[in-house]
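Text of input_5.cif (mmCIF, C-alpha atoms) as supplied:
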```cif
data_run
#
loop_
_atom_site.label_atom_id
_atom_site.label_comp_id
_atom_site.auth_asym_id
_atom_site.auth_seq_id
_atom_site.Cartn_x
_atom_site.Cartn_y
_atom_site.Cartn_z
CA MET A 1 0.00 0.00 0.00
CA THR A 2 1.30 3.44 -0.90
CA LYS A 3 1.65 6.29 1.55
CA SER A 4 -1.34 8.15 0.13
CA SER A 5 -3.67 5.17 0.23
CA GLU A 6 -2.46 4.40 3.76
CA SER A 7 -3.53 7.82 4.96
CA THR A 8 -6.83 7.51 3.10
CA ALA A 9 -7.57 4.20 4.84
CA ASP A 10 -6.55 5.77 8.13
CA SER A 11 -8.66 8.93 7.87
CA ALA A 12 -11.73 7.11 6.50
CA LEU A 13 -12.09 5.27 9.81
CA LEU A 14 -14.27 6.63 12.55
CA ILE A 15 -13.49 5.89 16.18
CA ARG A 16 -16.75 5.51 18.07
CA LYS A 17 -18.33 3.69 21.00
CA ALA A 18 -19.00 0.02 20.32
CA ALA A 19 -22.63 -0.91 19.75
CA PRO A 20 -24.46 -4.28 19.92
CA ARG A 21 -24.50 -4.41 16.09
CA ASP A 22 -20.66 -4.57 16.16
CA LEU A 23 -20.65 -7.85 18.09
CA PRO A 24 -20.32 -10.26 15.10
CA GLN A 25 -17.31 -8.36 13.72
CA ILE A 26 -15.65 -8.01 17.12
CA VAL A 27 -16.05 -11.76 17.67
CA ALA A 28 -14.69 -12.45 14.17
CA ILE A 29 -11.60 -10.24 14.57
CA ASP A 30 -10.80 -11.74 17.97
CA ALA A 31 -11.27 -15.28 16.60
CA LEU A 32 -8.93 -14.48 13.69
CA VAL A 33 -6.26 -13.18 16.07
CA THR A 34 -6.57 -15.72 18.90
CA GLY A 35 -7.99 -18.74 17.10
CA ILE A 36 -10.80 -19.05 19.66
CA GLU A 37 -14.35 -17.81 19.16
CA LYS A 38 -15.68 -16.24 22.39
CA ARG A 39 -19.10 -14.90 21.46
CA GLU A 40 -20.56 -14.95 25.01
CA TYR A 41 -17.48 -13.30 26.46
CA TRP A 42 -17.63 -10.39 23.99
CA ARG A 43 -21.39 -10.04 24.42
CA GLU A 44 -20.83 -9.67 28.16
CA MET A 45 -17.94 -7.20 27.62
CA LEU A 46 -20.16 -5.10 25.36
CA ARG A 47 -22.91 -5.14 27.96
CA ARG A 48 -20.54 -4.11 30.75
CA PHE A 49 -18.47 -1.51 28.91
CA ALA A 50 -21.06 0.09 26.66
CA ARG A 51 -22.83 1.58 29.71
CA ARG A 52 -22.94 5.36 30.15
CA ASP A 53 -19.85 5.61 32.27
CA SER A 54 -17.02 7.99 31.48
CA ARG A 55 -14.51 5.69 33.18
CA ARG A 56 -15.24 2.70 30.94
CA GLN A 57 -14.60 2.66 27.20
CA PHE A 58 -15.27 0.08 24.52
CA LEU A 59 -14.33 1.70 21.22
CA VAL A 60 -14.33 0.47 17.64
CA ALA A 61 -12.58 1.80 14.56
CA ALA A 62 -15.22 1.55 11.85
CA GLY A 63 -15.14 2.31 8.15
CA SER A 64 -17.32 1.61 5.15
CA ALA A 65 -16.32 -2.08 5.28
CA GLY A 66 -17.25 -2.42 8.94
CA VAL A 67 -15.20 -2.77 12.11
CA ALA A 68 -11.44 -2.68 11.54
CA GLY A 69 -10.46 -2.95 15.19
CA PHE A 70 -11.51 -2.34 18.77
CA ALA A 71 -10.08 -1.39 22.15
CA ILE A 72 -11.28 -1.58 25.75
CA GLY A 73 -10.12 0.51 28.66
CA GLU A 74 -11.18 1.39 32.16
CA VAL A 75 -10.07 3.75 34.90
CA ARG A 76 -9.46 1.79 38.07
CA ASP A 77 -8.79 3.23 41.50
CA TRP A 78 -6.15 1.69 43.72
CA GLU A 79 -5.85 -1.41 41.54
CA PHE A 80 -2.84 -3.31 42.93
CA GLY A 81 -2.40 -0.44 45.39
CA ALA A 82 -1.76 2.12 42.62
CA PRO A 83 -3.45 5.55 42.45
CA PRO A 84 -6.25 5.90 39.86
CA CYS A 85 -4.90 4.83 36.49
CA GLY A 86 -6.25 3.92 33.04
CA TRP A 87 -5.95 0.25 32.09
CA VAL A 88 -6.11 -1.00 28.51
CA PHE A 89 -7.57 -4.50 28.62
CA ALA A 90 -7.80 -5.33 24.96
CA ILE A 91 -6.81 -3.96 21.60
CA ASP A 92 -7.23 -5.88 18.37
CA VAL A 93 -6.97 -4.89 14.73
CA HIS A 94 -8.04 -7.02 11.78
CA PRO A 95 -4.79 -8.70 10.59
CA GLN A 96 -5.25 -7.38 7.04
CA LEU A 97 -5.58 -3.80 8.26
CA ARG A 98 -2.52 -3.66 10.48
CA LEU A 99 0.28 -1.13 9.95
CA HIS A 100 -2.25 1.48 8.81
CA GLY A 101 -2.44 3.34 12.10
CA VAL A 102 -5.71 1.76 13.28
CA GLY A 103 -4.28 0.58 16.61
CA THR A 104 -2.56 3.91 17.17
CA ARG A 105 -5.83 5.81 16.68
CA LEU A 106 -7.73 3.44 18.97
CA LEU A 107 -5.14 3.73 21.72
CA GLN A 108 -5.02 7.50 21.32
CA ALA A 109 -8.81 7.69 21.67
CA ILE A 110 -8.72 5.49 24.78
CA CYS A 111 -5.96 7.67 26.27
CA ASP A 112 -7.93 10.85 25.47
CA GLY A 113 -10.85 9.31 27.36
CA PHE A 114 -8.60 8.52 30.33
CA ALA A 115 -7.31 12.09 30.31
CA ARG A 116 -10.89 13.40 30.32
CA ALA A 117 -11.59 11.14 33.30
CA GLY A 118 -8.71 12.85 35.11
CA VAL A 119 -6.00 10.20 35.14
CA THR A 120 -2.43 10.84 34.03
CA ARG A 121 -1.13 7.31 33.54
CA VAL A 122 -2.09 4.36 31.35
CA ARG A 123 -1.11 0.73 31.88
CA THR A 124 -1.64 -2.60 30.24
CA LEU A 125 -0.60 -6.20 30.84
CA LEU A 126 0.84 -8.23 27.98
CA ASP A 127 2.02 -11.70 27.13
CA ARG A 128 5.83 -11.54 27.12
CA ASP A 129 5.86 -14.10 24.29
CA ASP A 130 3.84 -11.86 21.97
CA PRO A 131 6.45 -9.52 20.46
CA LEU A 132 3.96 -8.08 17.95
CA VAL A 133 1.64 -6.63 20.58
CA LEU A 134 4.55 -5.75 22.88
CA SER A 135 6.22 -3.87 20.01
CA PHE A 136 3.00 -1.98 19.30
CA PHE A 137 2.67 -0.66 22.85
CA ARG A 138 6.41 0.07 22.99
CA SER A 139 6.13 2.06 19.75
CA GLN A 140 3.46 4.17 21.44
CA GLY A 141 5.96 5.15 24.12
CA MET A 142 5.02 2.69 26.86
CA MET A 143 7.79 1.46 29.14
CA ALA A 144 7.89 -1.28 31.80
CA ALA A 145 5.72 -0.43 34.79
CA PRO A 146 6.98 -0.87 38.35
CA LEU A 147 4.78 -3.97 38.74
CA ILE A 148 5.63 -7.63 38.39
CA PRO A 149 2.80 -10.02 37.55
CA LEU A 150 3.01 -13.28 39.48
CA GLU A 151 1.02 -16.49 39.21
CA MET A 152 0.92 -20.04 40.47
CA GLU A 153 -0.98 -23.15 39.69
CA LEU A 154 -3.51 -24.13 42.34
CA PRO A 155 -2.82 -27.70 43.40
CA ALA A 156 -6.50 -28.70 43.37
CA ALA A 157 -7.17 -27.10 40.00
CA ALA A 158 -4.06 -28.71 38.53
CA ALA A 159 -5.11 -32.15 39.72
CA GLU A 160 -8.62 -31.61 38.35
CA ALA A 161 -7.21 -30.54 34.98
CA ARG A 162 -5.01 -33.62 34.85
CA ARG A 163 -7.98 -35.88 35.65
CA ARG A 164 -9.97 -34.48 32.66
CA MET B 1 22.78 -11.04 30.15
CA LYS B 2 25.30 -8.24 30.13
CA LEU B 3 25.45 -6.25 26.92
CA GLN B 4 28.91 -6.89 25.52
CA ARG B 5 31.04 -4.14 24.02
CA ASN B 6 30.50 -5.07 20.37
CA ALA B 7 26.75 -5.45 20.78
CA ARG B 8 26.51 -2.05 22.46
CA LEU B 9 28.66 -0.49 19.75
CA ALA B 10 26.54 -2.11 17.03
CA LEU B 11 23.38 -0.67 18.61
CA TYR B 12 24.89 2.81 18.77
CA ALA B 13 25.98 2.55 15.14
CA VAL B 14 22.61 1.24 13.92
CA LEU B 15 20.83 4.08 15.72
CA GLU B 16 23.20 6.67 14.23
CA PHE B 17 22.56 5.33 10.72
CA ALA B 18 18.81 4.94 11.22
CA GLN B 19 18.49 8.54 12.41
CA GLN B 20 19.71 9.69 8.98
CA PRO B 21 18.69 6.86 6.64
CA ASP B 22 19.34 8.86 3.47
CA ARG B 23 22.86 9.84 4.45
CA GLN B 24 26.03 7.86 4.44
CA LEU B 25 28.16 8.24 7.54
CA ALA B 26 31.89 7.70 7.84
CA THR B 27 33.11 5.13 10.35
CA ALA B 28 35.48 7.70 11.85
CA SER B 29 32.69 10.14 12.75
CA ILE B 30 30.69 7.50 14.63
CA ALA B 31 33.86 6.24 16.31
CA GLN B 32 34.55 9.77 17.49
CA THR B 33 31.02 10.27 18.85
CA TYR B 34 31.22 7.13 20.97
CA ASP B 35 34.91 7.40 21.80
CA VAL B 36 35.95 4.04 20.31
CA SER B 37 38.63 3.05 17.82
CA ALA B 38 37.59 3.34 14.16
CA HIS B 39 39.34 0.04 13.49
CA HIS B 40 37.22 -1.75 16.08
CA LEU B 41 34.02 -0.12 14.83
CA ALA B 42 34.86 -1.10 11.24
CA LYS B 43 34.74 -4.79 12.24
CA VAL B 44 31.34 -4.29 13.87
CA LEU B 45 30.01 -2.46 10.80
CA ALA B 46 31.29 -5.19 8.49
CA ARG B 47 29.20 -7.70 10.44
CA LEU B 48 26.13 -5.48 10.29
CA ALA B 49 26.65 -5.13 6.53
CA GLN B 50 26.93 -8.90 6.19
CA HIS B 51 23.42 -9.15 7.64
CA GLY B 52 21.94 -6.39 5.49
CA ILE B 53 21.43 -3.92 8.33
CA VAL B 54 23.81 -1.35 6.83
CA GLU B 55 25.34 -1.14 3.38
CA SER B 56 28.71 0.22 2.42
CA VAL B 57 28.92 3.17 0.08
CA ARG B 58 31.99 3.38 -2.10
CA GLY B 59 33.72 6.55 -3.21
CA ALA B 60 35.74 9.42 -1.79
CA SER B 61 33.13 10.21 0.86
CA GLY B 62 32.34 6.53 1.35
CA GLY B 63 31.02 5.01 4.51
CA TYR B 64 27.84 3.16 5.41
CA ARG B 65 24.15 3.88 5.40
CA PHE B 66 21.15 2.20 6.97
CA SER B 67 19.55 -0.53 4.86
CA GLY B 68 17.35 -2.27 7.42
CA ASN B 69 13.67 -1.80 8.24
CA ALA B 70 13.56 0.42 11.33
CA LYS B 71 9.98 -0.62 12.14
CA ARG B 72 10.87 -4.31 12.08
CA LEU B 73 14.47 -4.51 13.26
CA THR B 74 14.59 -5.09 17.02
CA LEU B 75 17.34 -4.59 19.56
CA LEU B 76 17.45 -8.36 19.97
CA ASP B 77 18.10 -8.85 16.24
CA VAL B 78 21.20 -6.66 16.52
CA VAL B 79 22.46 -7.96 19.86
CA ALA B 80 22.08 -11.58 18.75
CA LEU B 81 24.63 -10.98 15.98
CA PHE B 82 27.31 -10.22 18.55
CA GLN B 83 26.62 -12.40 21.56
CA ASP B 84 25.19 -15.85 21.90
CA ASP B 85 23.79 -15.59 25.42
CA VAL B 86 20.53 -13.96 24.31
CA ALA B 87 18.80 -17.28 23.82
CA PRO B 88 18.18 -19.34 26.97
CA GLY B 89 20.36 -22.33 26.21
CA PRO B 90 21.92 -25.37 27.80
CA GLN B 91 24.69 -23.73 29.81
CA HIS B 92 25.82 -26.19 32.44
CA GLU B 93 27.13 -24.98 35.76
CA PRO B 94 28.22 -26.99 38.78
CA GLY B 95 25.24 -27.82 41.00
CA ASP B 96 22.69 -27.64 38.18
CA ALA B 97 21.51 -31.19 38.83
CA THR B 98 20.69 -30.56 42.49
CA ALA B 99 17.29 -29.43 43.81
CA ALA B 100 18.80 -26.04 44.69
CA GLY B 101 20.25 -25.89 41.16
CA HIS B 102 16.81 -26.52 39.64
CA ALA B 103 15.19 -23.88 41.87
CA LEU B 104 17.89 -21.33 41.01
CA ALA B 105 17.57 -22.13 37.30
CA ALA B 106 13.83 -21.43 37.47
CA VAL B 107 14.47 -17.99 39.00
CA LEU B 108 17.25 -17.10 36.54
CA SER B 109 15.09 -18.24 33.65
CA GLU B 110 12.47 -15.63 34.67
CA ILE B 111 15.12 -12.92 34.32
CA GLU B 112 16.28 -14.23 30.93
CA HIS B 113 12.73 -14.32 29.58
CA ILE B 114 12.05 -10.75 30.66
CA GLU B 115 15.33 -9.56 29.11
CA ARG B 116 14.53 -11.30 25.88
CA ALA B 117 10.95 -10.02 25.77
CA THR B 118 12.21 -6.48 26.33
CA LEU B 119 14.90 -6.57 23.67
CA SER B 120 12.63 -8.28 21.13
CA SER B 121 9.81 -5.77 21.60
CA ILE B 122 11.82 -2.60 21.06
CA THR B 123 12.40 -1.76 17.42
CA VAL B 124 14.94 0.69 16.05
CA ALA B 125 12.04 3.06 15.22
CA THR B 126 10.91 2.95 18.86
CA MET B 127 14.48 3.60 20.03
CA LEU B 128 14.66 6.67 17.80
CA LYS B 129 11.54 8.01 19.55
CA LEU B 130 13.15 7.33 22.95
CA ILE B 131 16.30 9.16 21.82
CA GLU B 132 14.20 12.13 20.72
CA ARG B 133 12.48 12.13 24.09
CA ALA B 134 15.83 11.96 25.90
CA GLN B 135 17.12 14.89 23.83
CA ARG B 136 14.17 17.04 24.91
CA ARG B 137 14.72 16.25 28.59
CA PRO B 138 17.18 18.39 30.58
CA ARG B 139 20.38 16.45 31.09
CA PRO B 140 21.55 15.56 34.61
CA PRO B 141 24.94 16.96 35.59
CA PRO B 142 27.84 14.65 34.65
CA ARG B 143 28.74 12.11 37.31
CA THR B 144 32.11 12.59 38.95
CA ALA B 145 34.29 9.63 39.81
CA ARG B 146 34.29 8.63 43.48
CA ARG B 147 37.57 8.51 45.26
#
```

The structure in this file should be written as structure tokens.
Amino acid sequence: MTKSSESTADSALLIRKAAPRDLPQIVAIDALVTGIEKREYWREMLRRFARRDSRRQFLVAAGSAGVAGFAIGEVRDWEFGAPPCGWVFAIDVHPQLRLHGVGTRLLQAICDGFARAGVTRVRTLLDRDDPLVLSFFRSQGMMAAPLIPLEMELPAAAAEARRR
Amino acid sequence: MKLQRNARLALYAVLEFAQQPDRQLATASIAQTYDVSAHHLAKVLARLAQHGIVESVRGASGGYRFSGNAKRLTLLDVVALFQDDVAPGPQHEPGDATAAGHALAAVLSEIEHIERATLSSITVATMLKLIERAQRRPRPPPRTARR
């Protein structure tokens, strides 16, 4: 794609609040990216995040061909002991529409929303084995946060999983 | 992983070239900026050229210029050309086979994975943005050596 058609594709997209009619395309983009279709999960996310609440955002980038990508963010107070901060929980762009600035515009819109809600910091949590998504957030200027995610397997759950 | 001298030098050189992708830069000028020998830097640049990251320009004002893709080339790609400890590998140390050795290996492996994830997620284009940001920030006073 040439520079001029890139910017055309970019500017033709509208960033707006997600609506119930977007559900099939959101499910399809996520399934393309993750390989798992999670219709009920996304229906519930739409229900929870599409409420009139300035601290919660579920945005889509939509053009004439439909939804090109989406992002979800929420302001959370004292999450993990930290002062109020914007968290980006999901961002996905249709694989064929990547590198056209869609993700950048979605993240910018989410950050603008956080700023309007009065927070000055944005965080996210990423899979360290996903360099593509890590690189995207890095390219937007994000650096490592002073948090370390920890996990452990619950003995009972592990045994149950092995039994199945 | 400690960044070895050649890997660090290669990163500095790549960033210098990528900042001015249309210009060729002489080895001597980069060597002067980073206070290293031009001879040593030339060896590093030859390796980068071998891997298509820079290309040599012949002629009186010859030198090198950037020929990589700044949005795709990561710090790990460059570092891996100069040191082989970027990939968690089978390095055997005394005590590895003990329970304490296994426990220690699990902890050290966490560090290696984070290092690797960091280096592989930062592209040259992202580094150029960080450099720009650092240039805008007021510089701290130079550190004086402790006696």

Pull the closest atom pair for each residue of chain B that gets at most 9 Å from chain A, along with the distance in Å to one decimal, counting all atoms listed in the file, ordering rows by chain and then ascending residue number, as CSV.
```
residue,atom,partner,partner_atom,distance
B:Lys71,CA,A:Ser139,CA,8.9
B:Thr74,CA,A:Ser135,CA,9.0
B:His113,CA,A:Arg128,CA,7.8
B:Ile114,CA,A:Arg128,CA,7.2
B:Arg116,CA,A:Arg128,CA,8.8
B:Ala117,CA,A:Arg128,CA,5.5
B:Thr118,CA,A:Arg128,CA,8.2
B:Ser120,CA,A:Pro131,CA,6.3
B:Ser121,CA,A:Ser135,CA,4.4
B:Ile122,CA,A:Ser135,CA,5.8
B:Thr123,CA,A:Ser135,CA,7.0
B:Ala125,CA,A:Ser139,CA,7.5
B:Thr126,CA,A:Ser139,CA,4.9
B:Met127,CA,A:Ser139,CA,8.5
B:Lys129,CA,A:Gly141,CA,7.8
B:Leu130,CA,A:Gly141,CA,7.6
```

- Task: Kindly indicate which residue among B:Leu119, B:Leu15, B:Glu132, B:Asp96 lies nearest to Leu76 in chain B, using all atoms listed in the file for the distances.
- Result: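 The shortest atom-to-atom distance to Leu76 in chain B comes from B:Leu119.
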
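Ranking A:Leu23, A:Leu14, A:Cys85, A:Ala145 by their shortest atom-to-atom distance to Glu37 in chain A, with only C-alpha atoms included, puts A:Leu23 first.
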
- Take the PyMOL selection byres ((chain A and resi 69) around 6), apply it to the structure above, and return the hits as a PyMOL selection string. chain A and resi 60-61+67-68+70+92-94

- Task: May I ask for the distance between CA of Ser67 in chain B and CA of Glu55 in chain B, given in Å to one decimal place?
- Result: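 For CA of Ser67 in chain B relative to CA of Glu55 in chain B, the distance reads 6.0 Å.
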
- Task: Apply the PyMOL selection byres ((chain B and resi 82) around 8) to the file shown and report the selected residues as a list in words.
- Result: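 Checking the PyMOL selection byres ((chain B and resi 82) around 8) against this file, the residues are Gln4, Asn6, Ala7, Val78, Val79, Ala80, Leu81, Gln83 and Asp84 of chain B.
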
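Interatomic distance, CA of Val124 in chain B to CA of Leu11 in chain B: 8.9 Å.
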
- Give me, please, the distance in Å between CA of Leu13 in chain A and CA of Leu97 in chain A, quoted to one decimal.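 Computed distance, CA of Leu13 in chain A to CA of Leu97 in chain A, equals 11.3 Å.
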
- Explicit residue set for the PyMOL selection byres ((chain B and resi 27) around 7), as a ChimeraX atom specification: /B:25-26,28-31,38,41-42,63

- Mind checking which residues fall within 8 Å of Gly113 in chain A, counting all atoms listed in the file, ignoring those fewer than 5 positions away in the same chain, and posting them as a list in words?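 So the residues in contact are Ser54, Arg55 and Gln57 of chain A.
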
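Among the candidate residues B:Ile111, B:Pro140, B:Gly52, B:Leu45, the one lying nearest to Met1 in chain B is B:Ile111, with distances computed using all atoms listed in the file.
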
Which protein, DNA or RNA residues have an atom at most 10 Å from (-17.2, 1.1, 29.8), counting all atoms listed in the file? List them as a tab-separated table (two decimals) with C-alpha atoms, in the frame of the given file.
```
chain	number	residue	atom	x	y	z
A	17	LYS	CA	-18.33	3.69	21.00
A	18	ALA	CA	-19.00	0.02	20.32
A	45	MET	CA	-17.94	-7.20	27.62
A	46	LEU	CA	-20.16	-5.10	25.36
A	47	ARG	CA	-22.91	-5.14	27.96
A	48	ARG	CA	-20.54	-4.11	30.75
A	49	PHE	CA	-18.47	-1.51	28.91
A	50	ALA	CA	-21.06	0.09	26.66
A	51	ARG	CA	-22.83	1.58	29.71
A	52	ARG	CA	-22.94	5.36	30.15
A	53	ASP	CA	-19.85	5.61	32.27
A	54	SER	CA	-17.02	7.99	31.48
A	55	ARG	CA	-14.51	5.69	33.18
A	56	ARG	CA	-15.24	2.70	30.94
A	57	GLN	CA	-14.60	2.66	27.20
A	58	PHE	CA	-15.27	0.08	24.52
A	59	LEU	CA	-14.33	1.70	21.22
A	72	ILE	CA	-11.28	-1.58	25.75
A	73	GLY	CA	-10.12	0.51	28.66
A	74	GLU	CA	-11.18	1.39	32.16
A	75	VAL	CA	-10.07	3.75	34.90
```

Produce the centre coordinates and the three edge lengths, each in Å to one decimal, of the box along x, y and z that contains all listed atoms of range 111-120 of chain B with 5 Å added on each side, as AutoDock Vina command-line options.
```
--center_x 13.6 --center_y -10.4 --center_z 27.7 --size_x 15.3 --size_y 17.8 --size_z 23.2
```

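Counting all atoms listed in the file, the residue from B:Arg133, B:Arg5, B:Arg23, B:His102 that sits nearest to His40 in chain B is B:Arg5.
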